[in-house]
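Student: For reference, the file coords-v9.pdb (PDB, C-alpha atoms and all ligand atoms) is included below:
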```pdb
MODEL        1
ATOM      1  CA  MET A  15      79.988 145.506 104.305
ATOM      2  CA  ALA A  16      80.973 143.251 107.161
ATOM      3  CA  GLN A  17      80.371 139.605 106.406
ATOM      4  CA  VAL A  18      79.030 137.042 108.784
ATOM      5  CA  THR A  19      80.410 134.062 106.910
ATOM      6  CA  LYS A  20      80.799 131.898 109.893
ATOM      7  CA  ALA A  21      83.986 130.713 111.489
ATOM      8  CA  ASN A  22      82.904 127.211 110.471
ATOM      9  CA  GLY A  23      83.729 128.116 106.842
ATOM     10  CA  ARG A  24      80.295 127.337 105.450
ATOM     11  CA  VAL A  25      79.191 129.968 102.937
ATOM     12  CA  PRO A  26      75.674 131.176 103.766
ATOM     13  CA  PHE A  27      73.142 130.093 101.160
ATOM     14  CA  ILE A  28      69.935 131.989 100.375
ATOM     15  CA  ALA A  29      67.735 129.954  98.030
ATOM     16  CA  GLY A  30      64.494 131.085  96.416
ATOM     17  CA  ASN A  31      61.990 128.352  95.553
ATOM     18  CA  TRP A  32      59.603 129.922  93.064
ATOM     19  CA  LYS A  33      57.365 126.848  93.048
ATOM     20  CA  MET A  34      54.901 127.093  90.085
ATOM     21  CA  ASN A  35      55.289 130.836  89.579
ATOM     22  CA  LEU A  36      56.913 133.067  86.913
ATOM     23  CA  ASP A  37      57.176 131.967  83.279
ATOM     24  CA  HIS A  38      60.408 132.110  81.277
ATOM     25  CA  LEU A  39      59.945 135.748  80.253
ATOM     26  CA  GLN A  40      59.191 136.779  83.812
ATOM     27  CA  SER A  41      62.205 134.789  85.003
ATOM     28  CA  ILE A  42      64.516 136.848  82.796
ATOM     29  CA  ALA A  43      63.205 140.143  84.149
ATOM     30  CA  PHE A  44      63.349 138.843  87.713
ATOM     31  CA  VAL A  45      66.923 137.558  87.563
ATOM     32  CA  GLN A  46      68.144 140.755  85.889
ATOM     33  CA  LYS A  47      66.549 142.895  88.583
ATOM     34  CA  LEU A  48      67.818 140.642  91.353
ATOM     35  CA  ALA A  49      71.382 140.798  90.052
ATOM     36  CA  TRP A  50      71.227 144.592  89.757
ATOM     37  CA  SER A  51      69.834 144.874  93.245
ATOM     38  CA  LEU A  52      72.533 142.676  94.734
ATOM     39  CA  LYS A  53      75.258 144.520  92.831
ATOM     40  CA  ASP A  54      73.883 147.868  93.976
ATOM     41  CA  ALA A  55      74.121 146.623  97.522
ATOM     42  CA  ARG A  56      77.805 145.795  96.893
ATOM     43  CA  LEU A  57      77.185 142.349  98.241
ATOM     44  CA  ASP A  58      80.383 140.383  98.585
ATOM     45  CA  PHE A  59      79.515 137.280  96.640
ATOM     46  CA  ASP A  60      82.262 135.336  98.329
ATOM     47  CA  GLY A  61      80.301 135.920 101.514
ATOM     48  CA  VAL A  62      76.911 134.573 100.487
ATOM     49  CA  GLU A  63      75.528 132.375  97.739
ATOM     50  CA  VAL A  64      72.191 133.381  96.241
ATOM     51  CA  ALA A  65      70.226 130.945  94.084
ATOM     52  CA  VAL A  66      66.818 130.804  92.433
ATOM     53  CA  PHE A  67      64.836 127.663  91.709
ATOM     54  CA  PRO A  68      62.474 128.446  88.804
ATOM     55  CA  PRO A  69      60.095 126.065  87.012
ATOM     56  CA  PHE A  70      61.760 123.703  84.515
ATOM     57  CA  THR A  71      60.544 125.765  81.553
ATOM     58  CA  ASP A  72      62.530 128.801  82.778
ATOM     59  CA  LEU A  73      65.864 127.097  83.295
ATOM     60  CA  ARG A  74      67.249 127.517  79.785
ATOM     61  CA  SER A  75      66.413 131.239  79.826
ATOM     62  CA  VAL A  76      67.998 131.711  83.237
ATOM     63  CA  GLN A  77      71.079 129.763  82.179
ATOM     64  CA  THR A  78      71.520 131.886  79.052
ATOM     65  CA  LEU A  79      71.119 135.150  80.963
ATOM     66  CA  VAL A  80      73.400 134.212  83.845
ATOM     67  CA  ALA A  81      76.117 132.893  81.522
ATOM     68  CA  ALA A  82      75.948 135.818  79.070
ATOM     69  CA  ASP A  83      76.066 138.534  81.704
ATOM     70  CA  LYS A  84      78.119 136.581  84.261
ATOM     71  CA  LEU A  85      75.481 137.327  86.864
ATOM     72  CA  PRO A  86      76.252 136.420  90.470
ATOM     73  CA  VAL A  87      73.076 134.369  90.799
ATOM     74  CA  LYS A  88      73.042 130.580  90.916
ATOM     75  CA  TYR A  89      70.074 128.480  89.879
ATOM     76  CA  GLY A  90      68.646 125.029  90.242
ATOM     77  CA  ALA A  91      65.573 122.911  89.561
ATOM     78  CA  GLN A  92      62.670 122.064  91.840
ATOM     79  CA  ASP A  93      62.693 118.312  91.202
ATOM     80  CA  VAL A  94      64.538 115.573  89.324
ATOM     81  CA  SER A  95      63.651 112.106  88.093
ATOM     82  CA  ALA A  96      65.063 109.061  89.837
ATOM     83  CA  HIS A  97      65.674 107.668  86.326
ATOM     84  CA  ASP A  98      68.371 108.480  83.780
ATOM     85  CA  ALA A  99      66.309 108.366  80.558
ATOM     86  CA  GLY A 100      63.528 106.492  78.828
ATOM     87  CA  ALA A 101      59.758 106.058  78.932
ATOM     88  CA  PHE A 102      58.992 108.303  81.899
ATOM     89  CA  THR A 103      56.537 110.862  80.543
ATOM     90  CA  GLY A 104      56.859 114.229  82.222
ATOM     91  CA  GLU A 105      60.056 113.399  84.073
ATOM     92  CA  ILE A 106      63.310 115.393  83.881
ATOM     93  CA  SER A 107      66.666 113.610  84.112
ATOM     94  CA  GLY A 108      69.553 114.790  86.232
ATOM     95  CA  ALA A 109      71.576 114.625  83.019
ATOM     96  CA  PHE A 110      69.352 117.328  81.526
ATOM     97  CA  LEU A 111      69.792 119.532  84.584
ATOM     98  CA  LYS A 112      73.548 119.135  84.385
ATOM     99  CA  ALA A 113      73.421 120.061  80.693
ATOM    100  CA  LEU A 114      71.796 123.346  81.742
ATOM    101  CA  ASP A 115      74.560 123.924  84.321
ATOM    102  CA  CYS A 116      72.152 123.586  87.228
ATOM    103  CA  GLU A 117      74.220 123.422  90.370
ATOM    104  CA  TYR A 118      71.347 122.415  92.610
ATOM    105  CA  VAL A 119      68.050 120.567  92.680
ATOM    106  CA  ILE A 120      65.408 120.600  95.412
ATOM    107  CA  ILE A 121      64.406 117.079  96.409
ATOM    108  CA  GLY A 122      61.685 115.920  98.788
ATOM    109  CA  HIS A 123      59.902 119.225  99.269
ATOM    110  CA  SER A 124      56.848 118.656 101.464
ATOM    111  CA  GLU A 125      54.569 119.698  98.594
ATOM    112  CA  ARG A 126      55.954 116.825  96.520
ATOM    113  CA  ARG A 127      55.775 114.433  99.436
ATOM    114  CA  THR A 128      52.146 115.377 100.100
ATOM    115  CA  LEU A 129      50.676 116.290  96.701
ATOM    116  CA  HIS A 130      52.686 113.818  94.602
ATOM    117  CA  MET A 131      52.935 110.992  97.123
ATOM    118  CA  GLU A 132      56.735 110.964  97.166
ATOM    119  CA  ASP A 133      57.937 108.628  99.888
ATOM    120  CA  ASP A 134      61.314 108.312 101.581
ATOM    121  CA  ALA A 135      62.477 105.632  99.135
ATOM    122  CA  LEU A 136      61.771 107.819  96.107
ATOM    123  CA  VAL A 137      63.435 110.799  97.758
ATOM    124  CA  ALA A 138      66.526 108.659  98.422
ATOM    125  CA  ALA A 139      66.556 107.480  94.793
ATOM    126  CA  LYS A 140      66.309 111.074  93.565
ATOM    127  CA  VAL A 141      69.176 112.146  95.837
ATOM    128  CA  LYS A 142      71.363 109.468  94.264
ATOM    129  CA  ALA A 143      70.217 110.462  90.764
ATOM    130  CA  ALA A 144      71.216 114.076  91.376
ATOM    131  CA  LEU A 145      74.595 113.149  92.836
ATOM    132  CA  LYS A 146      75.234 110.818  89.889
ATOM    133  CA  TYR A 147      75.118 113.858  87.601
ATOM    134  CA  ASP A 148      77.025 116.125  89.959
ATOM    135  CA  VAL A 149      73.981 118.231  90.771
ATOM    136  CA  THR A 150      73.864 119.056  94.481
ATOM    137  CA  PRO A 151      70.617 117.928  96.097
ATOM    138  CA  VAL A 152      68.847 120.325  98.454
ATOM    139  CA  ILE A 153      67.158 117.681 100.582
ATOM    140  CA  CYS A 154      63.984 118.933 102.248
ATOM    141  CA  VAL A 155      62.720 117.478 105.497
ATOM    142  CA  GLY A 156      60.182 118.666 108.035
ATOM    143  CA  GLU A 157      57.397 117.715 110.366
ATOM    144  CA  THR A 158      53.686 118.499 110.193
ATOM    145  CA  ALA A 159      51.837 120.112 113.086
ATOM    146  CA  GLU A 160      50.506 116.667 113.989
ATOM    147  CA  ASP A 161      54.042 115.205 113.938
ATOM    148  CA  LEU A 162      55.193 118.054 116.145
ATOM    149  CA  ALA A 163      52.463 117.412 118.704
ATOM    150  CA  GLU A 164      52.997 113.665 118.658
ATOM    151  CA  HIS A 165      56.762 113.253 118.297
ATOM    152  CA  GLY A 166      58.345 116.624 119.060
ATOM    153  CA  PRO A 167      60.315 118.734 116.554
ATOM    154  CA  SER A 168      63.249 116.535 115.532
ATOM    155  CA  ALA A 169      61.987 112.967 115.202
ATOM    156  CA  VAL A 170      60.349 113.161 111.773
ATOM    157  CA  PRO A 171      63.004 115.369 110.091
ATOM    158  CA  VAL A 172      65.734 113.106 111.483
ATOM    159  CA  ALA A 173      63.979 109.991 110.179
ATOM    160  CA  GLN A 174      63.400 111.585 106.755
ATOM    161  CA  LEU A 175      67.027 112.667 106.389
ATOM    162  CA  THR A 176      68.333 109.298 107.567
ATOM    163  CA  ALA A 177      66.235 107.635 104.867
ATOM    164  CA  ALA A 178      67.233 110.162 102.198
ATOM    165  CA  LEU A 179      70.933 109.491 102.832
ATOM    166  CA  GLU A 180      70.585 105.716 102.784
ATOM    167  CA  GLY A 181      73.290 104.378 100.469
ATOM    168  CA  VAL A 182      74.800 107.799  99.751
ATOM    169  CA  GLY A 183      78.581 107.691  99.699
ATOM    170  CA  ALA A 184      80.782 109.267 102.359
ATOM    171  CA  GLY A 185      81.620 112.894 101.738
ATOM    172  CA  ALA A 186      78.758 113.554  99.322
ATOM    173  CA  ASP A 187      78.060 117.203  98.527
ATOM    174  CA  ILE A 188      74.571 117.944  99.811
ATOM    175  CA  VAL A 189      72.465 120.765 101.225
ATOM    176  CA  VAL A 190      69.734 120.076 103.778
ATOM    177  CA  ALA A 191      66.638 122.243 104.190
ATOM    178  CA  TYR A 192      64.642 121.973 107.395
ATOM    179  CA  GLU A 193      61.127 123.118 106.569
ATOM    180  CA  PRO A 194      58.477 122.524 109.207
ATOM    181  CA  VAL A 195      55.328 121.948 107.159
ATOM    182  CA  TRP A 196      53.280 124.034 109.576
ATOM    183  CA  ALA A 197      55.500 127.043 108.889
ATOM    184  CA  ILE A 198      55.340 126.902 105.083
ATOM    185  CA  GLY A 199      53.239 129.698 103.654
ATOM    186  CA  SER A 200      51.556 130.203 107.019
ATOM    187  CA  GLY A 201      53.233 133.412 108.083
ATOM    188  CA  GLN A 202      54.149 131.599 111.297
ATOM    189  CA  ALA A 203      57.857 130.828 111.123
ATOM    190  CA  ALA A 204      59.610 128.590 113.609
ATOM    191  CA  THR A 205      61.637 130.443 116.191
ATOM    192  CA  PRO A 206      65.379 130.644 115.543
ATOM    193  CA  GLU A 207      65.884 128.433 118.595
ATOM    194  CA  GLN A 208      63.521 125.772 117.217
ATOM    195  CA  ALA A 209      65.324 125.863 113.876
ATOM    196  CA  GLU A 210      68.702 125.557 115.586
ATOM    197  CA  GLN A 211      67.587 122.584 117.668
ATOM    198  CA  VAL A 212      66.469 120.630 114.610
ATOM    199  CA  ALA A 213      69.413 121.782 112.462
ATOM    200  CA  ALA A 214      71.824 120.466 115.098
ATOM    201  CA  ALA A 215      70.028 117.109 115.104
ATOM    202  CA  LEU A 216      70.155 117.004 111.289
ATOM    203  CA  ARG A 217      73.873 117.762 111.281
ATOM    204  CA  ALA A 218      74.352 114.748 113.539
ATOM    205  CA  VAL A 219      72.468 112.628 110.988
ATOM    206  CA  VAL A 220      74.752 113.854 108.211
ATOM    207  CA  ALA A 221      77.776 112.952 110.338
ATOM    208  CA  GLU A 222      76.409 109.503 111.058
ATOM    209  CA  SER A 223      75.401 108.868 107.443
ATOM    210  CA  ILE A 224      78.175 110.341 105.310
ATOM    211  CA  GLY A 225      80.890 111.343 107.752
ATOM    212  CA  ALA A 226      82.053 114.050 110.120
ATOM    213  CA  ASP A 227      83.865 116.051 107.437
ATOM    214  CA  ALA A 228      80.756 116.163 105.261
ATOM    215  CA  ALA A 229      78.687 117.186 108.265
ATOM    216  CA  ALA A 230      81.031 120.066 108.988
ATOM    217  CA  ALA A 231      80.801 121.238 105.372
ATOM    218  CA  THR A 232      77.076 120.705 104.742
ATOM    219  CA  ARG A 233      74.861 123.799 104.659
ATOM    220  CA  ILE A 234      71.639 123.365 106.607
ATOM    221  CA  LEU A 235      68.913 125.835 105.680
ATOM    222  CA  TYR A 236      65.756 126.837 107.467
ATOM    223  CA  GLY A 237      62.574 127.297 105.422
ATOM    224  CA  GLY A 238      59.060 128.370 106.339
ATOM    225  CA  SER A 239      57.739 131.950 106.260
ATOM    226  CA  VAL A 240      61.223 133.493 106.032
ATOM    227  CA  LYS A 241      61.136 137.247 105.425
ATOM    228  CA  SER A 242      63.610 140.117 105.587
ATOM    229  CA  GLY A 243      62.256 140.847 109.050
ATOM    230  CA  ASN A 244      63.148 137.457 110.548
ATOM    231  CA  ILE A 245      66.155 136.228 108.545
ATOM    232  CA  ALA A 246      68.752 137.690 110.922
ATOM    233  CA  GLY A 247      67.541 135.609 113.853
ATOM    234  CA  PHE A 248      67.985 132.407 111.863
ATOM    235  CA  MET A 249      71.385 133.402 110.519
ATOM    236  CA  ARG A 250      72.693 133.973 114.038
ATOM    237  CA  GLN A 251      72.217 130.282 114.851
ATOM    238  CA  PRO A 252      75.401 128.202 114.671
ATOM    239  CA  ASN A 253      73.827 125.325 112.734
ATOM    240  CA  VAL A 254      71.614 127.363 110.402
ATOM    241  CA  ASP A 255      73.543 128.315 107.274
ATOM    242  CA  GLY A 256      70.851 129.939 105.184
ATOM    243  CA  ALA A 257      67.236 129.862 104.116
ATOM    244  CA  LEU A 258      64.972 128.209 101.586
ATOM    245  CA  VAL A 259      62.496 130.962 100.811
ATOM    246  CA  GLY A 260      59.130 130.439  99.117
ATOM    247  CA  GLY A 261      56.647 133.297  98.893
ATOM    248  CA  ALA A 262      59.123 136.034  99.730
ATOM    249  CA  SER A 263      61.433 134.869  96.928
ATOM    250  CA  LEU A 264      58.890 136.088  94.348
ATOM    251  CA  ASP A 265      59.424 139.727  95.293
ATOM    252  CA  VAL A 266      62.771 140.987  94.009
ATOM    253  CA  ALA A 267      63.209 143.671  96.659
ATOM    254  CA  GLU A 268      62.257 141.351  99.492
ATOM    255  CA  PHE A 269      64.414 138.452  98.274
ATOM    256  CA  SER A 270      67.324 140.814  97.732
ATOM    257  CA  SER A 271      66.844 142.142 101.258
ATOM    258  CA  ILE A 272      66.840 138.591 102.661
ATOM    259  CA  SER A 273      70.031 137.888 100.679
ATOM    260  CA  ARG A 274      71.584 140.970 102.284
ATOM    261  CA  PHE A 275      70.876 139.540 105.714
ATOM    262  CA  GLN A 276      74.179 140.901 106.953
ATOM    263  CA  SER A 277      72.644 144.343 107.000
ATOM    264  CA  HIS A 278      69.909 143.075 109.366
ATOM    265  CA  VAL A 279      72.241 141.195 111.714
ATOM    266  CA  GLY A 280      72.748 143.322 114.769
ATOM    267  CA  THR A 281      69.498 145.160 114.221
TER     268      THR A 281
HETATM  269  O1  LIG B   1      60.521 125.995  99.632
HETATM  270  C1  LIG B   1      60.123 126.925 100.322
HETATM  271  C2  LIG B   1      59.210 126.699 101.425
HETATM  272  O2  LIG B   1      58.142 125.899 101.062
HETATM  273  C3  LIG B   1      58.869 127.924 102.222
HETATM  274  O3  LIG B   1      57.802 128.624 101.667
HETATM  275  P1  LIG B   1      57.369 130.030 102.339
HETATM  276  O4  LIG B   1      58.620 130.842 102.453
HETATM  277  O5  LIG B   1      56.363 130.597 101.394
HETATM  278  O6  LIG B   1      56.814 129.699 103.688
ENDMDL
END
```
Write the structure described by the file as structure tokens, please.
Ligand SMILES: O=C[C@H](O)COP(=O)(O)O

Tutor:
Amino acid sequence: MAQVTKANGRVPFIAGNWKMNLDHLQSIAFVQKLAWSLKDARLDFDGVEVAVFPPFTDLRSVQTLVAADKLPVKYGAQDVSAHDAGAFTGEISGAFLKALDCEYVIIGHSERRTLHMEDDALVAAKVKAALKYDVTPVICVGETAEDLAEHGPSAVPVAQLTAALEGVGAGADIVVAYEPVWAIGSGQAATPEQAEQVAAALRAVVAESIGADAAAATRILYGGSVKSGNIAGFMRQPNVDGALVGGASLDVAEFSSISRFQSHVGT
């Protein structure tokens, strides 16, 4: 299968955020089926990285399965504490994620910003906590419909990413996810051109904050009502390197189809 790994060298990244869905038994069945599906499709795993982000309680099961069967599926957590250890009831340390071989952690998802009152300062602290333990943060930014009407598409995501990277060292390994809040779970995705416009602005922020080399290497994802039917349009954009998928990541066939976006490119 022809790959569309871009001339820029960034490996496309398809990430499934399960949110609060699928328990540890369901996670095992899901990851097994996903791996079989991707293998059946003869996906070249050098050409695309596929990761799932299950609830914390699933991570040990997913780790065991992936390690035992050497499955070509990566995994990460949906949140991390800003603290290392101690009296923080309900929190999960980056050290614990690293101990489970999590490569990634989602930080600053709009649901955490809105429902759990996470502000830019806390997001920035969590980014540093993840990097401290060598877990790559997937930093989520995005504007609400009101922000869009008032400030246009880029202003709020740019401000959020600038704040999230405050104090982060040059060359840090990060992933950025642009998720317009109005597109999440709404069935109304941004257009590929809208996503590209904001992704380009976010890449400039990465360059300004942690350096041009890091900006060239950083994957910027689009998220918000991504499906197999619209993924190709996003993947054609020069600054969009993948997708953070919510609802559609809970259906093995659909998530596998999104991961095989190469087969939709050109259609
Ligand atoms: O993290 C994923 C996003 O919230 C997108 O969710 P969605 O694909 O259900 O719109």

Student: Just want the 8 Å neighbourhood of A:Ser107, counted on all atoms listed in the file, with same-chain residues fewer than 3 positions away dropped. Output as a list in words.

Tutor: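 The filter keeps Val94, Ser95, Ala96, His97, Asp98, Ala99, Phe110 and Leu111 of chain A.
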
Student: Under the rule of at most 10 Å, produce a per-residue listing of chain A near ligand LIG 1 (chain B): chain, number, name, the closest pair of atoms, and the distance in Å, as a tab-separated table, using all atoms listed in the file.

Tutor:
```
residue	atom	partner	partner_atom	distance
A:Ala29	CA	B:LIG1	O1	8.4
A:Gly30	CA	B:LIG1	C1	7.2
A:Asn31	CA	B:LIG1	O1	4.9
A:Trp32	CA	B:LIG1	O1	7.7
A:Lys33	CA	B:LIG1	O1	7.4
A:Phe67	CA	B:LIG1	O1	9.2
A:Gln92	CA	B:LIG1	O1	9.0
A:Ile120	CA	B:LIG1	O1	8.4
A:His123	CA	B:LIG1	O1	6.8
A:Ser124	CA	B:LIG1	O2	7.4
A:Glu125	CA	B:LIG1	O2	7.6
A:Cys154	CA	B:LIG1	O1	8.3
A:Ala191	CA	B:LIG1	O1	8.5
A:Tyr192	CA	B:LIG1	C2	9.4
A:Glu193	CA	B:LIG1	C2	6.6
A:Pro194	CA	B:LIG1	O2	8.8
A:Val195	CA	B:LIG1	O2	7.8
A:Trp196	CA	B:LIG1	O6	8.9
A:Ala197	CA	B:LIG1	O6	6.0
A:Ile198	CA	B:LIG1	O6	3.5
A:Gly199	CA	B:LIG1	O6	3.6
A:Ser200	CA	B:LIG1	O6	6.2
A:Gly201	CA	B:LIG1	O6	6.8
A:Gln202	CA	B:LIG1	O6	8.3
A:Ala203	CA	B:LIG1	O6	7.6
A:Tyr236	CA	B:LIG1	C3	8.7
A:Gly237	CA	B:LIG1	C3	4.9
A:Gly238	CA	B:LIG1	O6	3.7
A:Ser239	CA	B:LIG1	O6	3.5
A:Val240	CA	B:LIG1	O4	5.2
A:Lys241	CA	B:LIG1	O4	7.5
A:Ala257	CA	B:LIG1	C1	8.6
A:Leu258	CA	B:LIG1	C1	5.2
A:Val259	CA	B:LIG1	O4	4.2
A:Gly260	CA	B:LIG1	O4	3.4
A:Gly261	CA	B:LIG1	O5	3.7
A:Ala262	CA	B:LIG1	O4	5.9
A:Ser263	CA	B:LIG1	O4	7.4
A:Leu264	CA	B:LIG1	O5	9.3
```

Student: Could you tell me how far atom CA of A:Arg126 sits from atom CA of A:Asp161, in Å to one decimal place?

Tutor: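 Atom CA of A:Arg126 lies 17.6 Å from atom CA of A:Asp161.
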
Student: Nearest residue to A:Leu145 out of A:Leu179, A:Lys53, A:Ile234, A:Gln276, using all atoms listed in the file?

Tutor: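 Closest residue, counting all atoms listed in the file: A:Leu179.
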
Student: Leaving out A:Gly243 and any residue of its chain fewer than 5 positions from it, which residues lie within 10 Å of it when counting all atoms listed in the file, given as a PyMOL selection string?

Tutor: chain A and resi 268+271-272+275+278+281

Student: Expressed in Å to a single decimal, how great is the separation between atom CA of A:Gly108 and atom CA of A:Leu136?

Tutor: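 Distance reported for this atom pair: 14.4 Å.
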
Student: Rounded to one decimal, what separation in Å do you get between atom CA of A:Val137 and atom CA of A:Gly185?

Tutor: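 Separation of atom CA of A:Val137 and atom CA of A:Gly185: 18.7 Å.
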
Student: Step by step, work through what the PyMOL selection byres (((chain A and resi 153) around 8) and not hetatm) selects in the shown file, and finish by giving those residues as a VMD selection string.

Tutor: chain A and resid 120 to 123 141 151 to 152 154 to 155 175 178 188 to 191

Student: Applied to this file, what does the PyMOL selection byres (((chain A and resi 88) around 12) and not hetatm) return in terms of residues, put as a ChimeraX atom specification?

Tutor: /A:27-30,45,48-49,59,62-68,73,76-77,79-81,84-87,89-91,114-119

Student: Since we have the selection now, will you write its residues out, keeping C-alpha atoms, as a compact mmCIF listing (two decimals), in the coordinates of the input?

Tutor:
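Saved to part.txt:
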```txt
# COMPACT_ATOMS: atom_id res chain seq x y z
CA PHE A 27 73.14 130.09 101.16
CA ILE A 28 69.94 131.99 100.38
CA ALA A 29 67.74 129.95 98.03
CA GLY A 30 64.49 131.08 96.42
CA VAL A 45 66.92 137.56 87.56
CA LEU A 48 67.82 140.64 91.35
CA ALA A 49 71.38 140.80 90.05
CA PHE A 59 79.52 137.28 96.64
CA VAL A 62 76.91 134.57 100.49
CA GLU A 63 75.53 132.38 97.74
CA VAL A 64 72.19 133.38 96.24
CA ALA A 65 70.23 130.94 94.08
CA VAL A 66 66.82 130.80 92.43
CA PHE A 67 64.84 127.66 91.71
CA PRO A 68 62.47 128.45 88.80
CA LEU A 73 65.86 127.10 83.30
CA VAL A 76 68.00 131.71 83.24
CA GLN A 77 71.08 129.76 82.18
CA LEU A 79 71.12 135.15 80.96
CA VAL A 80 73.40 134.21 83.84
CA ALA A 81 76.12 132.89 81.52
CA LYS A 84 78.12 136.58 84.26
CA LEU A 85 75.48 137.33 86.86
CA PRO A 86 76.25 136.42 90.47
CA VAL A 87 73.08 134.37 90.80
CA TYR A 89 70.07 128.48 89.88
CA GLY A 90 68.65 125.03 90.24
CA ALA A 91 65.57 122.91 89.56
CA LEU A 114 71.80 123.35 81.74
CA ASP A 115 74.56 123.92 84.32
CA CYS A 116 72.15 123.59 87.23
CA GLU A 117 74.22 123.42 90.37
CA TYR A 118 71.35 122.42 92.61
CA VAL A 119 68.05 120.57 92.68
```

Student: So, with all atoms listed in the file as the atoms that count, which of A:Ala101, A:Ser223, A:Ala231, A:Pro252 lies closest to A:Val172?

Tutor: A:Ser223

Student: Using all atoms listed in the file for the distances, tell me which of A:Val266, A:Leu216, A:Ala230, A:Val182 is nearest to A:Gln46.

Tutor: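 Answer, going by the shortest atom-to-atom distance: A:Val266.
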
Student: For A:Pro26, which residue out of A:Gly256, A:Gly156, A:Pro206, A:Gly247 is the nearest one, using all atoms listed in the file?

Tutor: A:Gly256

Student: With C-alpha atoms as the atom set, please write stretch 200-251 of chain A from the structure just given, as an mmCIF file, in the first residue's frame.

Tutor:
```cif
data_model
loop_
_atom_site.group_PDB
_atom_site.id
_atom_site.type_symbol
_atom_site.label_atom_id
_atom_site.label_comp_id
_atom_site.auth_asym_id
_atom_site.auth_seq_id
_atom_site.Cartn_x
_atom_site.Cartn_y
_atom_site.Cartn_z
ATOM 1 C CA SER A 200 -21.212 17.430 17.209
ATOM 2 C CA GLY A 201 -20.937 15.654 13.891
ATOM 3 C CA GLN A 202 -19.849 18.999 12.449
ATOM 4 C CA ALA A 203 -16.119 18.774 11.806
ATOM 5 C CA ALA A 204 -14.013 21.763 10.861
ATOM 6 C CA THR A 205 -13.123 21.928 7.202
ATOM 7 C CA PRO A 206 -9.648 20.692 6.274
ATOM 8 C CA GLU A 207 -8.778 24.272 5.333
ATOM 9 C CA GLN A 208 -9.843 25.566 8.762
ATOM 10 C CA ALA A 209 -7.784 22.860 10.453
ATOM 11 C CA GLU A 210 -4.765 23.684 8.302
ATOM 12 C CA GLN A 211 -5.000 27.396 9.066
ATOM 13 C CA VAL A 212 -4.953 26.813 12.819
ATOM 14 C CA ALA A 213 -2.366 24.005 12.622
ATOM 15 C CA ALA A 214 0.002 26.344 10.775
ATOM 16 C CA ALA A 215 -0.466 28.992 13.471
ATOM 17 C CA LEU A 216 0.171 26.380 16.183
ATOM 18 C CA ARG A 217 3.344 25.206 14.464
ATOM 19 C CA ALA A 218 4.576 28.795 14.594
ATOM 20 C CA VAL A 219 3.910 28.812 18.350
ATOM 21 C CA VAL A 220 5.938 25.628 18.773
ATOM 22 C CA ALA A 221 8.790 27.219 16.819
ATOM 23 C CA GLU A 222 8.663 30.354 18.925
ATOM 24 C CA SER A 223 8.412 28.446 22.209
ATOM 25 C CA ILE A 224 10.725 25.455 21.860
ATOM 26 C CA GLY A 225 12.573 25.995 18.599
ATOM 27 C CA ALA A 226 12.386 25.566 14.848
ATOM 28 C CA ASP A 227 13.689 21.991 14.881
ATOM 29 C CA ALA A 228 11.046 20.930 17.390
ATOM 30 C CA ALA A 229 8.387 22.672 15.330
ATOM 31 C CA ALA A 230 9.439 20.771 12.233
ATOM 32 C CA ALA A 231 9.266 17.472 14.127
ATOM 33 C CA THR A 232 6.086 18.044 16.158
ATOM 34 C CA ARG A 233 2.944 16.218 15.030
ATOM 35 C CA ILE A 234 -0.131 18.435 15.012
ATOM 36 C CA LEU A 235 -3.418 16.541 15.040
ATOM 37 C CA TYR A 236 -6.922 17.636 14.217
ATOM 38 C CA GLY A 237 -9.774 16.437 16.443
ATOM 39 C CA GLY A 238 -13.525 16.937 16.308
ATOM 40 C CA SER A 239 -16.015 14.621 14.572
ATOM 41 C CA VAL A 240 -13.310 12.789 12.597
ATOM 42 C CA LYS A 241 -14.651 9.771 10.710
ATOM 43 C CA SER A 242 -13.404 7.463 7.972
ATOM 44 C CA GLY A 243 -15.355 9.605 5.530
ATOM 45 C CA ASN A 244 -13.510 12.854 6.292
ATOM 46 C CA ILE A 245 -10.035 11.792 7.459
ATOM 47 C CA ALA A 246 -8.452 11.987 3.996
ATOM 48 C CA GLY A 247 -9.202 15.689 3.638
ATOM 49 C CA PHE A 248 -7.399 16.448 6.891
ATOM 50 C CA MET A 249 -4.437 14.233 6.072
ATOM 51 C CA ARG A 250 -3.873 16.066 2.795
ATOM 52 C CA GLN A 251 -3.101 19.282 4.687
#
```
